[in-house]
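Presented below is the structure to which this report refers.
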Amino acid sequence: GENVEQHPSTLSVQEGDSAVIKCTYSDSASNYFPWYKQELGKRPQLIIDIRSNVGEKKDQRIAVTLNKTAKHFSLHITETQPEDSAVYFCAAKRYYGGATNKLIFGTGTLLAVQP
Amino acid sequence: GAVVSQHPSWVICKSGTSVKIECRSLDFQATTMFWYRQFPKQSLMLMATSNEGSKATYEQGVEKDKFLINHASLTLSTLTVTSAHPEDSSFYICSASQGATGELFFGEGSRLTVL
């Protein structure tokens, strides 16, 4: 089955700096890669996702890149703000039009943005 | 986006008792729902895939007789933790996928504390 590894486990940056979180996956058939932000005690919130037919996607200060050959994808947050502090999870799954495919999460990255 | 609601949001029970957690899709029909468990400072671990009208599919290492899943309608899945013990204390989160995007929508989560 799918296995997703995520690095680093903790990341501390100064406000305004960029943050990069990296993930690798094992199942070459995975084609959907979402990123979630989770605040303490709350549900994960989707912040951006990418499908295997594109190499990069951007939404304001957040971007995700995907390298299918190497089976890794990364989250980039620019101009970080204190409210970006949270735990971030990458995930991967096969998605071929059905709703039954399970989503496997990475181990998580605790991002702390120092004001 | 689609709304998934979970109840209760937190529950405290005595060791040996059973606890039921409900997961509802409020504005869409979900033939498949997923149950995750999250221990403190850890990732979301998939426990089982809940299929409407059929048996759930459990992940390796998850005891199906201890974590009973029932998906009797297209909008409701329940997870019952039977004979709960302190090691079952965790954050349980359900999710469902709607439409053709593959995006998962999460419930608020249920924090179970077993004394």
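Convention: chains lettered A, B, ... in structure tokens order; per-chain residue numbering from 1; ligands numbered from 1 as shown.
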Taking only C-alpha atoms into account, what are the residues of chain A at most 12 Å from chain B, put as a compact mmCIF listing (two decimals) with N, CA, C and O atoms, in the first residue's frame?
# COMPACT_ATOMS: atom_id res chain seq x y z
N GLY A 1 0.81 -1.20 0.00
CA GLY A 1 0.00 0.00 0.00
C GLY A 1 0.84 1.25 0.00
O GLY A 1 2.07 1.21 0.06
N GLU A 2 0.17 2.38 -0.06
CA GLU A 2 0.86 3.67 -0.12
C GLU A 2 1.52 3.99 1.21
O GLU A 2 0.98 3.70 2.30
N ASN A 3 2.69 4.61 1.12
CA ASN A 3 3.42 5.09 2.29
C ASN A 3 3.91 6.49 1.98
O ASN A 3 4.51 6.72 0.93
N VAL A 4 3.62 7.43 2.87
CA VAL A 4 4.00 8.82 2.64
C VAL A 4 4.93 9.27 3.76
O VAL A 4 4.58 9.17 4.94
N GLU A 5 6.10 9.76 3.38
CA GLU A 5 7.05 10.29 4.34
C GLU A 5 7.11 11.81 4.21
O GLU A 5 7.03 12.34 3.10
N GLN A 6 7.30 12.48 5.35
CA GLN A 6 7.25 13.93 5.36
C GLN A 6 8.40 14.48 6.19
O GLN A 6 8.70 13.97 7.28
N SER A 9 9.96 17.33 10.58
CA SER A 9 8.87 17.14 11.53
C SER A 9 8.54 18.44 12.25
O SER A 9 7.40 18.65 12.67
N THR A 10 9.53 19.30 12.41
CA THR A 10 9.30 20.63 12.97
C THR A 10 10.07 21.64 12.14
O THR A 10 11.14 21.35 11.61
N ASN A 31 -2.18 9.70 -7.72
CA ASN A 31 -2.28 10.82 -8.66
C ASN A 31 -2.96 12.04 -8.08
O ASN A 31 -3.26 13.00 -8.80
N TYR A 32 -3.23 12.03 -6.79
CA TYR A 32 -3.86 13.17 -6.14
C TYR A 32 -3.12 13.45 -4.84
O TYR A 32 -2.97 12.54 -4.01
N PHE A 33 -2.66 14.71 -4.68
CA PHE A 33 -1.78 15.04 -3.56
C PHE A 33 -2.26 16.32 -2.88
O PHE A 33 -1.91 17.43 -3.30
N PRO A 34 -3.03 16.19 -1.83
CA PRO A 34 -3.50 17.38 -1.10
C PRO A 34 -2.59 17.72 0.07
O PRO A 34 -1.86 16.88 0.58
N TRP A 35 -2.68 18.97 0.49
CA TRP A 35 -2.00 19.43 1.70
C TRP A 35 -3.05 19.98 2.66
O TRP A 35 -3.95 20.73 2.25
N TYR A 36 -2.88 19.63 3.93
CA TYR A 36 -3.83 20.06 4.93
C TYR A 36 -3.12 20.84 6.03
O TYR A 36 -1.97 20.57 6.38
N LYS A 37 -3.85 21.80 6.59
CA LYS A 37 -3.39 22.55 7.75
C LYS A 37 -4.30 22.16 8.91
O LYS A 37 -5.52 22.17 8.77
N GLN A 38 -3.70 21.80 10.03
CA GLN A 38 -4.51 21.42 11.18
C GLN A 38 -4.08 22.21 12.41
O GLN A 38 -2.93 22.15 12.83
N GLU A 39 -5.02 22.94 12.95
CA GLU A 39 -4.79 23.64 14.21
C GLU A 39 -5.18 22.71 15.35
O GLU A 39 -5.97 21.78 15.19
N LEU A 40 -4.63 22.97 16.51
CA LEU A 40 -4.77 22.08 17.65
C LEU A 40 -6.23 21.77 17.98
O LEU A 40 -7.03 22.69 18.17
N GLY A 41 -6.56 20.50 17.98
CA GLY A 41 -7.90 20.08 18.36
C GLY A 41 -8.97 20.26 17.30
O GLY A 41 -10.15 20.05 17.56
N LYS A 42 -8.53 20.64 16.07
CA LYS A 42 -9.51 20.89 15.02
C LYS A 42 -9.31 19.93 13.85
O LYS A 42 -8.35 19.21 13.78
N ARG A 43 -10.26 19.98 12.95
CA ARG A 43 -10.19 19.11 11.79
C ARG A 43 -9.16 19.63 10.80
O ARG A 43 -8.88 20.82 10.75
N PRO A 44 -8.61 18.76 9.97
CA PRO A 44 -7.69 19.22 8.93
C PRO A 44 -8.44 20.07 7.90
O PRO A 44 -9.59 19.77 7.54
N GLN A 45 -7.78 21.10 7.44
CA GLN A 45 -8.36 21.98 6.42
C GLN A 45 -7.51 21.90 5.16
O GLN A 45 -6.29 22.09 5.22
N LEU A 46 -8.14 21.62 4.04
CA LEU A 46 -7.43 21.57 2.77
C LEU A 46 -6.95 22.97 2.40
O LEU A 46 -7.73 23.92 2.39
N ILE A 47 -5.65 23.10 2.12
CA ILE A 47 -5.12 24.40 1.72
C ILE A 47 -4.75 24.44 0.25
O ILE A 47 -4.81 25.50 -0.38
N ILE A 48 -4.35 23.34 -0.30
CA ILE A 48 -4.02 23.27 -1.71
C ILE A 48 -3.89 21.81 -2.10
O ILE A 48 -3.58 20.96 -1.25
N ASP A 49 -4.14 21.51 -3.35
CA ASP A 49 -3.93 20.15 -3.83
C ASP A 49 -3.40 20.18 -5.25
O ASP A 49 -3.49 21.19 -5.94
N ILE A 50 -2.82 19.07 -5.66
CA ILE A 50 -2.26 18.99 -7.01
C ILE A 50 -2.50 17.60 -7.55
O ILE A 50 -2.49 16.62 -6.80
N ARG A 51 -2.73 17.54 -8.84
CA ARG A 51 -2.93 16.24 -9.49
C ARG A 51 -1.72 15.95 -10.36
O ARG A 51 -0.96 16.84 -10.72
N ALA A 86 0.95 26.10 12.57
CA ALA A 86 0.01 24.98 12.67
C ALA A 86 0.79 23.71 12.31
O ALA A 86 1.99 23.75 12.04
N VAL A 87 0.07 22.60 12.29
CA VAL A 87 0.65 21.35 11.78
C VAL A 87 0.17 21.16 10.35
O VAL A 87 -1.02 21.31 10.07
N TYR A 88 1.09 20.86 9.47
CA TYR A 88 0.77 20.65 8.07
C TYR A 88 0.99 19.18 7.71
O TYR A 88 2.00 18.58 8.07
N PHE A 89 0.02 18.64 6.99
CA PHE A 89 0.11 17.26 6.54
C PHE A 89 0.03 17.19 5.03
O PHE A 89 -0.83 17.82 4.42
N CYS A 90 0.90 16.40 4.44
CA CYS A 90 0.72 16.04 3.04
C CYS A 90 -0.03 14.71 2.99
O CYS A 90 -0.13 14.01 4.00
N ALA A 91 -0.55 14.40 1.84
CA ALA A 91 -1.28 13.14 1.69
C ALA A 91 -1.25 12.72 0.23
O ALA A 91 -0.94 13.53 -0.66
N ALA A 92 -1.58 11.46 0.01
CA ALA A 92 -1.58 10.95 -1.36
C ALA A 92 -2.63 9.87 -1.52
O ALA A 92 -2.94 9.13 -0.56
N LYS A 93 -3.18 9.81 -2.71
CA LYS A 93 -4.09 8.71 -2.99
C LYS A 93 -4.21 8.51 -4.50
O LYS A 93 -3.89 9.38 -5.30
N ARG A 94 -4.71 7.34 -4.85
CA ARG A 94 -5.12 7.09 -6.22
C ARG A 94 -6.51 7.64 -6.38
O ARG A 94 -7.38 7.39 -5.55
N TYR A 95 -6.74 8.39 -7.43
CA TYR A 95 -8.10 8.86 -7.68
C TYR A 95 -8.40 8.69 -9.16
O TYR A 95 -7.80 9.33 -10.02
N TYR A 96 -9.35 7.81 -9.44
CA TYR A 96 -9.72 7.55 -10.83
C TYR A 96 -11.21 7.68 -11.02
O TYR A 96 -11.83 6.90 -11.71
N GLY A 97 -11.81 8.70 -10.40
CA GLY A 97 -13.21 8.99 -10.62
C GLY A 97 -14.15 8.40 -9.59
O GLY A 97 -15.33 8.69 -9.60
N GLY A 98 -13.65 7.59 -8.69
CA GLY A 98 -14.52 7.02 -7.67
C GLY A 98 -14.25 7.66 -6.33
O GLY A 98 -13.27 8.37 -6.15
N ALA A 99 -15.12 7.41 -5.37
CA ALA A 99 -14.97 8.01 -4.06
C ALA A 99 -14.37 7.06 -3.05
O ALA A 99 -14.21 7.41 -1.90
N THR A 100 -14.01 5.87 -3.49
CA THR A 100 -13.65 4.86 -2.51
C THR A 100 -12.16 4.80 -2.21
O THR A 100 -11.75 4.10 -1.30
N ASN A 101 -11.36 5.53 -2.94
CA ASN A 101 -9.92 5.41 -2.75
C ASN A 101 -9.48 6.12 -1.48
O ASN A 101 -9.80 7.28 -1.25
N LYS A 102 -8.69 5.42 -0.67
CA LYS A 102 -8.32 5.96 0.63
C LYS A 102 -7.15 6.93 0.54
O LYS A 102 -6.26 6.80 -0.30
N LEU A 103 -7.18 7.90 1.41
CA LEU A 103 -6.16 8.93 1.48
C LEU A 103 -5.19 8.59 2.60
O LEU A 103 -5.60 8.37 3.74
N ILE A 104 -3.90 8.57 2.27
CA ILE A 104 -2.87 8.26 3.25
C ILE A 104 -2.09 9.51 3.57
O ILE A 104 -1.63 10.22 2.67
N PHE A 105 -1.92 9.78 4.86
CA PHE A 105 -1.29 11.01 5.31
C PHE A 105 0.19 10.83 5.62
O PHE A 105 0.64 9.75 6.01
N GLY A 106 0.93 11.91 5.43
CA GLY A 106 2.30 11.97 5.90
C GLY A 106 2.32 12.15 7.41
O GLY A 106 1.27 12.25 8.06
N THR A 107 3.51 12.22 7.96
CA THR A 107 3.68 12.24 9.41
C THR A 107 3.47 13.61 10.03
O THR A 107 3.38 13.74 11.25
N GLY A 108 3.41 14.65 9.23
CA GLY A 108 3.10 15.97 9.74
C GLY A 108 4.33 16.82 10.01
O GLY A 108 5.41 16.32 10.33
N THR A 109 4.15 18.13 9.87
CA THR A 109 5.21 19.11 10.15
C THR A 109 4.63 20.21 11.01
O THR A 109 3.63 20.84 10.63
N LEU A 110 5.22 20.41 12.17
CA LEU A 110 4.79 21.50 13.03
C LEU A 110 5.55 22.76 12.62
O LEU A 110 6.77 22.85 12.77
Do a neighbour search on range 11-23 of chain B at 9 Å with only C-alpha atoms, toss out local chain neighbours closer than 6 positions, and write the hits as an NGL selection string.
-> :B and (4-5 or 33 or 68 or 75-86 or 92-95 or 107 or 110-115)
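Counting only C-alpha atoms, the residue from A:Val13, A:Ala112, A:Ile62, A:Ala70 that sits nearest to Ser28 in chain A is A:Ala70.
If you look at CA of Glu59 in chain B and CA of Lys68 in chain A, they are 26.4 Å away from each other.
CA of Leu111 in chain A lies 18.5 Å from CA of Gln60 in chain A.
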Just asking: which residues within chain A are strand (DSSP E) according to DSSP, as a ChimeraX atom specification?
-> /A:4-7,10-14,19-25,32-38,45-51,56-59,62-67,72-77,86-92,104-105,109-114
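Atom pair CA of Arg24 in chain B / CA of Glu87 in chain B: separated by 26.0 Å.
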